[in-house]
$ cat structure13.cif   # mmCIF, C-alpha atoms and all ligand atoms
data_start
#
loop_
_atom_site.label_atom_id
_atom_site.label_comp_id
_atom_site.auth_asym_id
_atom_site.auth_seq_id
_atom_site.Cartn_x
_atom_site.Cartn_y
_atom_site.Cartn_z
CA MET A 314 -9.69 -3.12 -6.39
CA ARG A 315 -11.58 -1.06 -3.87
CA ALA A 316 -12.98 -2.75 -0.85
CA THR A 317 -15.53 -0.04 -0.21
CA ASN A 318 -17.99 -1.12 -2.88
CA GLY A 319 -17.60 2.13 -4.72
CA ARG A 320 -18.43 4.30 -1.75
CA ALA A 321 -15.29 6.33 -1.72
CA GLU A 322 -16.16 8.53 1.19
CA ARG A 323 -17.18 7.62 4.70
CA TRP A 324 -19.03 9.83 7.08
CA PRO A 325 -20.11 9.66 10.68
CA GLU A 326 -23.50 7.95 10.97
CA ALA A 327 -25.22 11.20 11.93
CA ALA A 328 -24.08 12.81 8.70
CA LEU A 329 -25.00 9.91 6.49
CA GLY A 330 -28.73 10.64 6.29
CA MET A 331 -27.98 14.16 5.18
CA VAL A 332 -25.40 12.91 2.71
CA ARG A 333 -27.91 10.56 1.15
CA ALA A 334 -30.56 13.25 1.01
CA ILE A 335 -28.58 15.90 -0.78
CA GLY A 336 -26.36 13.78 -2.98
CA VAL A 337 -22.82 12.67 -2.64
CA ALA A 338 -21.26 15.20 -4.98
CA LEU A 339 -22.49 18.17 -3.00
CA ALA A 340 -22.03 16.50 0.35
CA ALA A 341 -18.39 15.73 -0.27
CA SER A 342 -17.39 19.11 1.06
CA LEU A 343 -20.17 19.71 3.56
CA PRO A 344 -19.62 18.23 7.00
CA TRP A 345 -16.03 19.39 7.24
CA SER A 346 -16.33 22.77 5.64
CA SER A 347 -18.30 24.31 8.47
CA HIS A 348 -15.09 25.10 10.37
CA ALA A 349 -17.07 24.20 13.47
CA GLN A 350 -14.26 21.90 14.48
CA VAL A 351 -11.61 23.20 16.81
CA ALA A 352 -8.41 21.72 18.15
CA GLY A 353 -10.03 20.32 21.30
CA ASP A 354 -12.68 18.32 19.46
CA LYS A 355 -12.71 14.55 19.85
CA VAL A 356 -12.48 14.19 16.10
CA LEU A 357 -9.91 12.98 13.61
CA ASN A 358 -10.14 13.61 9.87
CA LEU A 359 -8.42 10.77 8.11
CA TYR A 360 -7.46 10.80 4.43
CA SER A 361 -6.65 7.21 3.58
CA ALA A 362 -5.45 5.43 0.48
CA ARG A 363 -5.70 2.11 2.29
CA HIS A 364 -8.47 0.18 0.60
CA TYR A 365 -8.99 -2.84 2.78
CA GLN A 366 -12.35 -3.60 4.35
CA THR A 367 -10.70 -5.21 7.32
CA ASP A 368 -9.37 -1.80 8.44
CA GLU A 369 -12.81 -0.99 9.89
CA ALA A 370 -11.91 -2.87 13.06
CA LEU A 371 -8.59 -1.03 13.27
CA TYR A 372 -10.32 2.36 13.27
CA GLU A 373 -13.25 1.35 15.48
CA ASN A 374 -10.82 0.12 18.10
CA PHE A 375 -9.12 3.54 18.16
CA THR A 376 -12.45 5.28 18.74
CA ARG A 377 -13.29 2.80 21.51
CA ARG A 378 -9.96 3.42 23.22
CA THR A 379 -9.86 7.20 22.91
CA GLY A 380 -13.39 8.48 22.29
CA ILE A 381 -12.01 10.21 19.19
CA ARG A 382 -14.38 9.86 16.26
CA ILE A 383 -12.85 9.26 12.83
CA ASN A 384 -14.15 10.98 9.69
CA ARG A 385 -12.66 9.11 6.81
CA ILE A 386 -12.12 9.85 3.17
CA GLU A 387 -10.82 6.97 1.09
CA LEU A 388 -9.28 7.68 -2.29
CA GLY A 389 -6.51 6.23 -4.41
CA ASP A 390 -3.04 7.58 -3.62
CA GLU A 391 -2.95 9.96 -6.57
CA PRO A 392 -6.42 11.54 -6.23
CA LEU A 393 -5.84 11.79 -2.50
CA LEU A 394 -2.63 13.75 -2.95
CA GLN A 395 -4.31 15.93 -5.58
CA ARG A 396 -7.14 16.69 -3.20
CA LEU A 397 -4.76 17.63 -0.38
CA LYS A 398 -2.89 19.95 -2.73
CA SER A 399 -5.98 21.66 -4.01
CA GLU A 400 -7.39 22.13 -0.51
CA GLY A 401 -4.14 23.75 0.62
CA ALA A 402 -4.30 25.52 3.97
CA ASN A 403 -8.07 24.91 4.19
CA SER A 404 -7.66 21.16 4.20
CA PRO A 405 -9.45 19.47 7.10
CA ALA A 406 -7.10 16.49 6.86
CA ASP A 407 -5.39 15.52 10.11
CA VAL A 408 -3.74 12.26 9.11
CA VAL A 409 -2.78 11.04 5.65
CA LEU A 410 -2.30 7.30 5.09
CA LEU A 411 -0.74 6.07 1.86
CA VAL A 412 0.05 2.56 0.64
CA ASP A 413 3.36 3.02 -1.07
CA ALA A 414 6.83 4.31 -0.27
CA ALA A 415 7.10 6.35 -3.46
CA ARG A 416 3.85 8.16 -2.69
CA LEU A 417 4.93 8.88 0.88
CA TRP A 418 8.12 10.35 -0.49
CA ARG A 419 6.17 12.42 -3.04
CA ALA A 420 3.87 13.79 -0.34
CA GLN A 421 6.87 14.68 1.80
CA ILE A 422 8.60 16.50 -1.09
CA ASP A 423 5.37 18.35 -1.87
CA GLY A 424 5.16 19.55 1.75
CA LEU A 425 1.87 17.80 2.48
CA PHE A 426 3.04 16.47 5.86
CA GLN A 427 4.16 18.36 8.92
CA PRO A 428 7.16 16.76 10.62
CA ILE A 429 6.42 15.67 14.17
CA LYS A 430 8.45 14.57 17.17
CA SER A 431 7.14 11.45 18.86
CA LYS A 432 9.26 9.43 21.23
CA VAL A 433 6.79 6.56 20.95
CA LEU A 434 7.04 6.39 17.16
CA GLU A 435 10.80 6.85 17.13
CA GLU A 436 11.23 4.03 19.62
CA ARG A 437 8.83 1.60 18.00
CA ILE A 438 9.35 2.09 14.27
CA PRO A 439 12.72 1.08 12.81
CA ALA A 440 14.63 4.04 11.36
CA GLN A 441 14.72 2.60 7.84
CA LEU A 442 10.91 2.46 7.79
CA ARG A 443 10.28 6.16 8.46
CA SER A 444 11.40 9.47 7.02
CA ASN A 445 14.39 11.00 8.73
CA ASP A 446 12.54 14.24 9.53
CA GLY A 447 9.38 12.83 11.17
CA SER A 448 7.20 13.51 8.10
CA TRP A 449 5.94 9.94 7.76
CA PHE A 450 6.12 6.55 9.41
CA GLY A 451 5.71 3.04 8.01
CA PHE A 452 3.18 0.93 9.92
CA SER A 453 3.16 -2.29 7.92
CA THR A 454 5.16 -3.94 5.19
CA ARG A 455 4.38 -6.10 2.18
CA ALA A 456 6.64 -7.76 -0.37
CA ARG A 457 6.25 -7.88 -4.14
CA VAL A 458 6.57 -11.49 -5.19
CA ILE A 459 6.36 -13.69 -8.27
CA VAL A 460 3.56 -16.20 -8.91
CA TYR A 461 3.60 -18.73 -11.72
CA ASP A 462 1.55 -21.39 -13.46
CA LYS A 463 2.68 -24.68 -11.92
CA ALA A 464 1.66 -26.60 -15.04
CA ARG A 465 3.78 -24.59 -17.48
CA VAL A 466 6.57 -22.79 -15.67
CA LYS A 467 9.46 -24.04 -13.57
CA PRO A 468 10.07 -22.00 -10.41
CA ALA A 469 13.80 -21.86 -11.19
CA ASP A 470 12.95 -19.94 -14.39
CA VAL A 471 11.09 -17.21 -12.51
CA ASP A 472 12.95 -16.82 -9.24
CA THR A 473 14.27 -13.31 -9.91
CA TYR A 474 12.69 -10.10 -11.18
CA GLU A 475 15.48 -10.02 -13.77
CA LYS A 476 14.35 -13.33 -15.29
CA LEU A 477 10.98 -11.84 -16.22
CA ALA A 478 12.88 -10.19 -19.08
CA ASP A 479 14.45 -13.46 -20.26
CA PRO A 480 13.33 -14.36 -23.83
CA LYS A 481 12.57 -17.82 -22.45
CA LEU A 482 9.41 -16.34 -20.95
CA LYS A 483 8.10 -14.87 -24.19
CA GLY A 484 4.31 -14.57 -24.18
CA LEU A 485 4.03 -15.54 -20.52
CA VAL A 486 4.53 -12.41 -18.41
CA CYS A 487 1.66 -10.39 -16.90
CA THR A 488 1.76 -7.31 -14.68
CA ARG A 489 -0.59 -4.55 -13.70
CA SER A 490 0.12 -1.13 -15.22
CA GLY A 491 3.77 -0.15 -14.98
CA SER A 492 2.72 3.28 -13.73
CA HIS A 493 0.92 1.88 -10.70
CA PRO A 494 2.75 2.88 -7.48
CA TYR A 495 3.49 -0.77 -6.62
CA MET A 496 5.28 -1.19 -9.96
CA LEU A 497 6.96 2.22 -9.87
CA SER A 498 8.43 1.44 -6.46
CA LEU A 499 9.64 -1.97 -7.59
CA ILE A 500 11.25 -0.51 -10.70
CA GLY A 501 12.48 2.52 -8.75
CA ALA A 502 14.29 0.21 -6.36
CA MET A 503 15.79 -1.59 -9.33
CA VAL A 504 17.08 1.74 -10.69
CA GLU A 505 18.64 2.43 -7.30
CA ARG A 506 20.52 -0.86 -7.20
CA SER A 507 21.25 -1.62 -10.89
CA GLY A 508 21.22 1.77 -12.55
CA GLU A 509 19.02 3.28 -15.22
CA ALA A 510 20.52 1.57 -18.29
CA ALA A 511 20.20 -1.97 -16.91
CA THR A 512 16.68 -1.26 -15.69
CA GLU A 513 15.67 0.06 -19.10
CA SER A 514 16.86 -3.04 -20.93
CA TRP A 515 15.04 -5.13 -18.31
CA ALA A 516 11.80 -3.19 -18.85
CA ARG A 517 12.17 -3.60 -22.61
CA GLY A 518 12.54 -7.36 -22.13
CA VAL A 519 9.46 -7.56 -19.90
CA VAL A 520 7.36 -5.68 -22.45
CA ALA A 521 8.58 -8.09 -25.17
CA ASN A 522 7.54 -11.04 -22.98
CA MET A 523 4.03 -9.87 -22.13
CA ALA A 524 1.15 -12.26 -22.51
CA ARG A 525 -1.22 -9.29 -22.72
CA PRO A 526 -1.09 -5.52 -22.24
CA PRO A 527 -0.93 -4.60 -18.53
CA ARG A 528 -4.33 -4.40 -16.90
CA GLY A 529 -6.19 -5.16 -13.67
CA GLY A 530 -4.98 -5.31 -10.10
CA ASP A 531 -2.71 -7.81 -8.37
CA THR A 532 -5.47 -10.33 -7.67
CA ASP A 533 -6.42 -10.22 -11.35
CA GLN A 534 -2.85 -11.20 -12.24
CA ILE A 535 -2.98 -14.22 -9.92
CA ARG A 536 -6.33 -15.33 -11.35
CA ALA A 537 -5.02 -14.90 -14.89
CA VAL A 538 -2.12 -17.20 -14.05
CA ALA A 539 -4.58 -19.80 -12.77
CA SER A 540 -6.76 -19.50 -15.89
CA GLY A 541 -3.77 -20.06 -18.17
CA GLU A 542 -3.86 -16.58 -19.72
CA CYS A 543 -0.55 -15.73 -18.03
CA GLY A 544 2.38 -17.94 -17.11
CA VAL A 545 3.97 -15.66 -14.54
CA ALA A 546 2.96 -12.47 -12.73
CA LEU A 547 3.78 -10.07 -9.91
CA THR A 548 1.68 -9.52 -6.81
CA ASN A 549 1.89 -8.02 -3.36
CA THR A 550 1.99 -10.73 -0.72
CA TYR A 551 -1.27 -9.79 1.02
CA TYR A 552 -3.34 -10.41 -2.13
CA TRP A 553 -1.86 -13.89 -2.37
CA VAL A 554 -2.44 -14.63 1.32
CA ARG A 555 -6.03 -13.38 0.99
CA LEU A 556 -6.62 -16.09 -1.64
CA VAL A 557 -4.79 -18.68 0.46
CA ARG A 558 -7.14 -17.89 3.37
CA SER A 559 -10.27 -17.89 1.25
CA THR A 560 -12.75 -20.74 1.62
CA ASP A 561 -14.38 -19.99 -1.74
CA PRO A 562 -13.90 -23.07 -3.98
CA LYS A 563 -12.95 -20.80 -6.90
CA ASP A 564 -10.11 -19.32 -4.86
CA ARG A 565 -9.06 -22.76 -3.63
CA ASP A 566 -8.76 -23.77 -7.26
CA VAL A 567 -6.62 -20.71 -8.06
CA VAL A 568 -4.28 -21.40 -5.15
CA ALA A 569 -3.92 -25.04 -6.19
CA LYS A 570 -2.77 -24.08 -9.69
CA VAL A 571 -0.46 -21.21 -8.83
CA GLY A 572 3.05 -21.39 -7.37
CA PHE A 573 4.69 -18.69 -5.27
CA VAL A 574 8.38 -17.72 -5.18
CA TRP A 575 10.36 -15.25 -3.13
CA PRO A 576 12.29 -13.29 -5.77
CA ASN A 577 16.02 -12.59 -5.76
CA GLN A 578 16.82 -14.69 -2.69
CA ALA A 579 20.34 -15.43 -3.94
CA SER A 580 20.95 -11.79 -4.84
CA SER A 581 19.33 -8.49 -3.86
CA GLY A 582 16.31 -9.85 -1.95
CA ALA A 583 12.57 -9.42 -2.44
CA HIS A 584 11.25 -5.90 -2.94
CA VAL A 585 9.50 -4.64 0.17
CA ASN A 586 7.09 -1.74 0.29
CA ILE A 587 5.26 -0.09 3.16
CA SER A 588 1.95 1.36 4.08
CA GLY A 589 2.39 4.40 6.24
CA GLY A 590 1.36 7.91 7.00
CA GLY A 591 1.94 11.18 8.75
CA VAL A 592 0.31 14.28 10.15
CA ALA A 593 -1.17 16.53 7.47
CA ARG A 594 0.49 19.92 7.00
CA HIS A 595 -2.53 21.93 8.16
CA ALA A 596 -4.05 19.40 10.57
CA PRO A 597 -6.78 21.08 12.65
CA HIS A 598 -6.50 18.32 15.28
CA ARG A 599 -2.77 17.82 15.52
CA ASP A 600 -2.76 16.18 18.95
CA ASN A 601 -5.39 13.65 17.89
CA ALA A 602 -3.39 12.98 14.75
CA ILE A 603 -0.24 12.14 16.70
CA ARG A 604 -2.28 10.01 19.07
CA PHE A 605 -3.69 8.09 16.10
CA LEU A 606 -0.25 7.48 14.58
CA GLU A 607 1.02 6.28 17.95
CA TYR A 608 -2.00 4.00 18.17
CA LEU A 609 -1.09 2.49 14.78
CA SER A 610 2.25 1.47 16.26
CA SER A 611 0.62 -0.19 19.29
CA ARG A 612 0.66 -3.96 19.67
CA GLU A 613 -3.05 -4.29 19.07
CA ALA A 614 -3.08 -2.10 15.95
CA GLN A 615 -0.05 -3.92 14.59
CA ALA A 616 -1.91 -7.18 15.06
CA TYR A 617 -4.81 -5.79 13.00
CA PHE A 618 -2.46 -5.14 10.09
CA ALA A 619 -1.29 -8.73 10.19
CA GLU A 620 -4.60 -10.42 10.91
CA GLY A 621 -6.87 -8.15 8.90
CA ASN A 622 -4.90 -7.40 5.78
CA ASN A 623 -2.12 -10.01 5.89
CA GLU A 624 0.68 -7.45 6.14
CA TRP A 625 3.72 -7.70 8.37
CA PRO A 626 3.89 -5.53 11.48
CA VAL A 627 6.86 -3.16 11.67
CA VAL A 628 7.10 -3.04 15.45
CA GLU A 629 9.39 -5.58 16.97
CA GLY A 630 7.67 -8.09 19.22
CA ALA A 631 4.19 -7.47 17.77
CA GLU A 632 2.36 -10.75 18.16
CA THR A 633 0.11 -11.96 15.41
CA GLN A 634 -2.14 -14.90 14.74
CA ASN A 635 -2.14 -15.43 11.01
CA PRO A 636 -1.06 -18.96 10.09
CA ALA A 637 -1.48 -18.33 6.34
CA LEU A 638 0.84 -15.32 6.49
CA ALA A 639 3.25 -17.22 8.71
CA SER A 640 3.22 -20.12 6.25
CA LEU A 641 5.01 -17.94 3.69
CA GLY A 642 8.03 -18.26 5.95
CA THR A 643 10.92 -15.87 6.21
CA PHE A 644 12.74 -14.31 3.30
CA LYS A 645 15.62 -12.07 2.37
CA ALA A 646 14.40 -8.52 1.80
CA GLU A 647 15.92 -5.93 -0.48
CA SER A 648 18.19 -3.48 1.30
CA VAL A 649 17.42 -0.37 -0.78
CA PRO A 650 16.25 2.12 1.86
CA ILE A 651 12.52 2.78 1.62
CA SER A 652 13.14 6.53 1.52
CA SER A 653 15.32 6.29 -1.60
CA VAL A 654 12.80 4.16 -3.51
CA GLY A 655 10.83 7.38 -4.00
CA LYS A 656 13.62 9.09 -5.85
CA GLY A 657 13.98 6.09 -8.18
CA GLN A 658 10.33 6.28 -9.25
CA ILE A 659 10.95 9.36 -11.40
CA ALA A 660 13.62 7.55 -13.41
CA ALA A 661 11.32 4.50 -13.42
CA GLN A 662 8.48 6.40 -15.06
CA ARG A 663 10.88 7.83 -17.68
CA ILE A 664 12.03 4.31 -18.50
CA LEU A 665 8.48 2.99 -18.78
CA ASP A 666 7.60 5.79 -21.20
CA ARG A 667 10.65 5.07 -23.33
CA VAL A 668 9.99 1.34 -23.63
CA GLY A 669 6.21 1.61 -24.02
CA TYR A 670 5.41 -0.17 -20.75
CA ARG A 671 1.91 1.08 -20.06
FE FE B 1 -3.10 -2.91 -2.39
#
$ encode --input "structure13.cif" --output "structure tokens"
Amino acid sequence: MRATNGRAERWPEAALGMVRAIGVALAASLPWSSHAQVAGDKVLNLYSARHYQTDEALYENFTRRTGIRINRIELGDEPLLQRLKSEGANSPADVVLLVDAARLWRAQIDGLFQPIKSKVLEERIPAQLRSNDGSWFGFSTRARVIVYDKARVKPADVDTYEKLADPKLKGLVCTRSGSHPYMLSLIGAMVERSGEAATESWARGVVANMARPPRGGDTDQIRAVASGECGVALTNTYYWVRLVRSTDPKDRDVVAKVGFVWPNQASSGAHVNISGGGVARHAPHRDNAIRFLEYLSSREAQAYFAEGNNEWPVVEGAETQNPALASLGTFKAESVPISSVGKGQIAAQRILDRVGYR
């Protein structure tokens, strides 16, 4: 679900009139292709796969603090990486933000980042939440959890990812597409800890249990559990917390019907993913890019992640005011290193193809 109401690209106000006048398709390459920008400009070109409306405040605050204006392009992870690749050395991108560990890994392998040295980032961001060569840094975390229909399903029957393949849950399981990064990372982590054969038989079991073919986003899965179409589903935590915080009576109704469990608490722990980013390989404004990444690790930016999009800060001591997020409590997280989840996604996709998990 995109929070930008279909407007995938954002431009500085001055450019917007022109954009509207000449049409979005043509304008997509205009303002940045003039090569008028030089390293000293107070500008940052941001390619972002984050799709959360509440990020506006995060970016505006950076501009207020530094005077550096942000030109932003928002695309899904995959189209964004494709665009970076096709632009090559001419890419205006300074910073690339992605919402999944597997995609960050992919971008690193494809050489789309330039490794940087930043004492600030190295001090603030735990080593397991960044690449070991300075290519990318995690700025927030989210967990992938299980939600269930309180009227039909007992929490003890759905308290591990493994149980989603149990024949007991036949006709009850819903997920978004298996090939979505959030699923690939989850399954990739499973490959890392349980091996390919066990993961394949698990995936086969999940497919056999499906209430419907995979479709929609995470919020759609939660709503489908509430409507009775699905008995159990997977979601990232922030989508759940967004509903918990909602004052819309329809959302209140959803939250009342749906239960939430932390998966695998007696075993491997809940799967955790990150949103993160790095400096683009050919960044025209490298210094601004590093400054922006350092800003994302600041206390105030970390608070935006928690308060705006209901994610957990990665920087120790970051203070947040989000009672709904806090109400989820603490949990045991999976120990598969974020950087190895990426490798597992290739095996994960192979498995999905073999078992017909779309
Ligand atoms: Fe998301």
$ residues_near_ligand --input "structure13.cif" --ligand "ligand FE 1 (chain B)" --cutoff "12 Å" --atoms "all atoms listed in the file" --output "JSON, numbers by chain"
{"A": [314, 315, 316, 362, 363, 364, 365, 366, 389, 390, 411, 412, 413, 454, 455, 456, 457, 489, 493, 494, 495, 496, 529, 530, 531, 532, 548, 549, 550, 551, 552, 553, 555, 586, 587, 588, 622, 623, 624]}
$ closest_residue --input "structure13.cif" --among "A:Ile383, A:Leu482, A:Val554, A:Cys487" --to "Val567 in chain A" --atoms "only C-alpha atoms"
A:Val554
$ residues_near_point --input "structure13.cif" --point "(3.6, -21.2, -8.4)" --cutoff "6 Å" --atoms "all atoms listed in the file" --output "number ranges by chain"
A: 460-463, 571-573
$ residues_near_point --input "structure13.cif" --point "(7.0, -7.8, -18.0)" --cutoff "12 Å" --atoms "all atoms listed in the file" --output "number ranges by chain"
A: 459, 471, 474-480, 482-491, 496, 500, 512-528, 534, 543-547, 665, 668-671
$ closest_residue --input "structure13.cif" --among "A:Ala464, A:Ile381, A:Val409, A:Leu556" --to "Leu357 in chain A" --atoms "all atoms listed in the file"
A:Ile381
$ atom_distance --input "structure13.cif" --atom1 "CA of Phe605 in chain A" --atom2 "CA of Asp407 in chain A"
9.7 Å
$ residues_around --input "structure13.cif" --residues "Ala616 in chain A" --least-positions-apart "5" --cutoff "9 Å" --atoms "only C-alpha atoms" --output "number ranges by chain"
A: 611, 621, 625-626, 631-634
$ atom_distance --input "structure13.cif" --atom1 "CA of Arg604 in chain A" --atom2 "CA of Gln395 in chain A"
25.4 Å
$ residues_around --input "structure13.cif" --residues "Gly657 in chain A" --least-positions-apart "5" --cutoff "7 Å" --atoms "only C-alpha atoms" --output "list in words"
Gly501, Ala502, Val504 and Glu505 of chain A
$ build_atoms --input "structure13.cif" --residues "range 434-443 of chain A" --atoms "all heavy atoms" --output "PDB file, in the coordinates of the input"
ATOM      1  N   LEU A 434       6.850   6.854  18.536  1.00  0.00           N
ATOM      2  CA  LEU A 434       7.040   6.390  17.160  1.00  0.00           C
ATOM      3  C   LEU A 434       8.516   6.143  16.868  1.00  0.00           C
ATOM      4  O   LEU A 434       8.884   5.184  16.189  1.00  0.00           O
ATOM      5  CB  LEU A 434       6.444   7.386  16.169  1.00  0.00           C
ATOM      6  CG  LEU A 434       4.914   7.486  16.202  1.00  0.00           C
ATOM      7  CD1 LEU A 434       4.423   8.637  15.337  1.00  0.00           C
ATOM      8  CD2 LEU A 434       4.263   6.183  15.769  1.00  0.00           C
ATOM      9  N   GLU A 435       9.360   7.021  17.383  1.00  0.00           N
ATOM     10  CA  GLU A 435      10.800   6.850  17.130  1.00  0.00           C
ATOM     11  C   GLU A 435      11.327   5.571  17.778  1.00  0.00           C
ATOM     12  O   GLU A 435      12.205   4.907  17.238  1.00  0.00           O
ATOM     13  CB  GLU A 435      11.572   8.070  17.622  1.00  0.00           C
ATOM     14  CG  GLU A 435      11.559   9.200  16.597  1.00  0.00           C
ATOM     15  CD  GLU A 435      11.863  10.550  17.197  1.00  0.00           C
ATOM     16  OE1 GLU A 435      12.680  10.608  18.149  1.00  0.00           O
ATOM     17  OE2 GLU A 435      11.268  11.549  16.730  1.00  0.00           O
ATOM     18  N   GLU A 436      10.778   5.246  18.937  1.00  0.00           N
ATOM     19  CA  GLU A 436      11.230   4.030  19.620  1.00  0.00           C
ATOM     20  C   GLU A 436      10.711   2.771  18.941  1.00  0.00           C
ATOM     21  O   GLU A 436      11.418   1.772  18.835  1.00  0.00           O
ATOM     22  CB  GLU A 436      10.767   4.039  21.072  1.00  0.00           C
ATOM     23  CG  GLU A 436      11.768   4.716  21.997  1.00  0.00           C
ATOM     24  CD  GLU A 436      11.187   4.947  23.380  1.00  0.00           C
ATOM     25  OE1 GLU A 436      10.251   4.213  23.776  1.00  0.00           O
ATOM     26  OE2 GLU A 436      11.662   5.878  24.037  1.00  0.00           O
ATOM     27  N   ARG A 437       9.457   2.837  18.489  1.00  0.00           N
ATOM     28  CA  ARG A 437       8.830   1.600  18.000  1.00  0.00           C
ATOM     29  C   ARG A 437       9.117   1.301  16.533  1.00  0.00           C
ATOM     30  O   ARG A 437       9.175   0.139  16.144  1.00  0.00           O
ATOM     31  CB  ARG A 437       7.309   1.689  18.182  1.00  0.00           C
ATOM     32  CG  ARG A 437       6.857   1.601  19.627  1.00  0.00           C
ATOM     33  CD  ARG A 437       5.347   1.634  19.674  1.00  0.00           C
ATOM     34  NE  ARG A 437       4.843   1.684  21.034  1.00  0.00           N
ATOM     35  CZ  ARG A 437       3.618   2.096  21.350  1.00  0.00           C
ATOM     36  NH1 ARG A 437       2.794   2.496  20.402  1.00  0.00           N
ATOM     37  NH2 ARG A 437       3.223   2.105  22.600  1.00  0.00           N
ATOM     38  N   ILE A 438       9.238   2.341  15.721  1.00  0.00           N
ATOM     39  CA  ILE A 438       9.350   2.090  14.270  1.00  0.00           C
ATOM     40  C   ILE A 438      10.811   2.179  13.827  1.00  0.00           C
ATOM     41  O   ILE A 438      11.473   3.195  14.033  1.00  0.00           O
ATOM     42  CB  ILE A 438       8.467   3.081  13.495  1.00  0.00           C
ATOM     43  CG1 ILE A 438       7.014   2.831  13.908  1.00  0.00           C
ATOM     44  CG2 ILE A 438       8.629   2.901  11.984  1.00  0.00           C
ATOM     45  CD1 ILE A 438       6.025   3.768  13.341  1.00  0.00           C
ATOM     46  N   PRO A 439      11.317   1.094  13.230  1.00  0.00           N
ATOM     47  CA  PRO A 439      12.720   1.080  12.810  1.00  0.00           C
ATOM     48  C   PRO A 439      13.050   2.277  11.899  1.00  0.00           C
ATOM     49  O   PRO A 439      12.219   2.682  11.083  1.00  0.00           O
ATOM     50  CB  PRO A 439      12.844  -0.233  12.014  1.00  0.00           C
ATOM     51  CG  PRO A 439      11.710  -1.083  12.486  1.00  0.00           C
ATOM     52  CD  PRO A 439      10.608  -0.150  12.878  1.00  0.00           C
ATOM     53  N   ALA A 440      14.251   2.805  12.066  1.00  0.00           N
ATOM     54  CA  ALA A 440      14.630   4.040  11.360  1.00  0.00           C
ATOM     55  C   ALA A 440      14.495   3.915   9.852  1.00  0.00           C
ATOM     56  O   ALA A 440      14.129   4.879   9.174  1.00  0.00           O
ATOM     57  CB  ALA A 440      16.052   4.427  11.754  1.00  0.00           C
ATOM     58  N   GLN A 441      14.778   2.716   9.309  1.00  0.00           N
ATOM     59  CA  GLN A 441      14.720   2.600   7.840  1.00  0.00           C
ATOM     60  C   GLN A 441      13.290   2.554   7.314  1.00  0.00           C
ATOM     61  O   GLN A 441      13.075   2.580   6.114  1.00  0.00           O
ATOM     62  CB  GLN A 441      15.523   1.386   7.349  1.00  0.00           C
ATOM     63  CG  GLN A 441      14.906   0.033   7.601  1.00  0.00           C
ATOM     64  CD  GLN A 441      15.276  -0.543   8.977  1.00  0.00           C
ATOM     65  OE1 GLN A 441      15.686   0.179   9.881  1.00  0.00           O
ATOM     66  NE2 GLN A 441      15.125  -1.852   9.128  1.00  0.00           N
ATOM     67  N   LEU A 442      12.303   2.501   8.223  1.00  0.00           N
ATOM     68  CA  LEU A 442      10.910   2.460   7.790  1.00  0.00           C
ATOM     69  C   LEU A 442      10.163   3.766   8.089  1.00  0.00           C
ATOM     70  O   LEU A 442       8.933   3.799   8.182  1.00  0.00           O
ATOM     71  CB  LEU A 442      10.170   1.284   8.441  1.00  0.00           C
ATOM     72  CG  LEU A 442      10.691  -0.112   8.072  1.00  0.00           C
ATOM     73  CD1 LEU A 442       9.896  -1.192   8.793  1.00  0.00           C
ATOM     74  CD2 LEU A 442      10.631  -0.352   6.563  1.00  0.00           C
ATOM     75  N   ARG A 443      10.923   4.849   8.296  1.00  0.00           N
ATOM     76  CA  ARG A 443      10.280   6.160   8.460  1.00  0.00           C
ATOM     77  C   ARG A 443      11.170   7.229   7.857  1.00  0.00           C
ATOM     78  O   ARG A 443      12.358   7.000   7.636  1.00  0.00           O
ATOM     79  CB  ARG A 443      10.003   6.448   9.939  1.00  0.00           C
ATOM     80  CG  ARG A 443      11.187   6.258  10.869  1.00  0.00           C
ATOM     81  CD  ARG A 443      10.775   6.517  12.329  1.00  0.00           C
ATOM     82  NE  ARG A 443      11.675   5.908  13.283  1.00  0.00           N
ATOM     83  CZ  ARG A 443      12.766   6.490  13.759  1.00  0.00           C
ATOM     84  NH1 ARG A 443      13.126   7.696  13.348  1.00  0.00           N
ATOM     85  NH2 ARG A 443      13.525   5.866  14.641  1.00  0.00           N
TER      86      ARG A 443
END
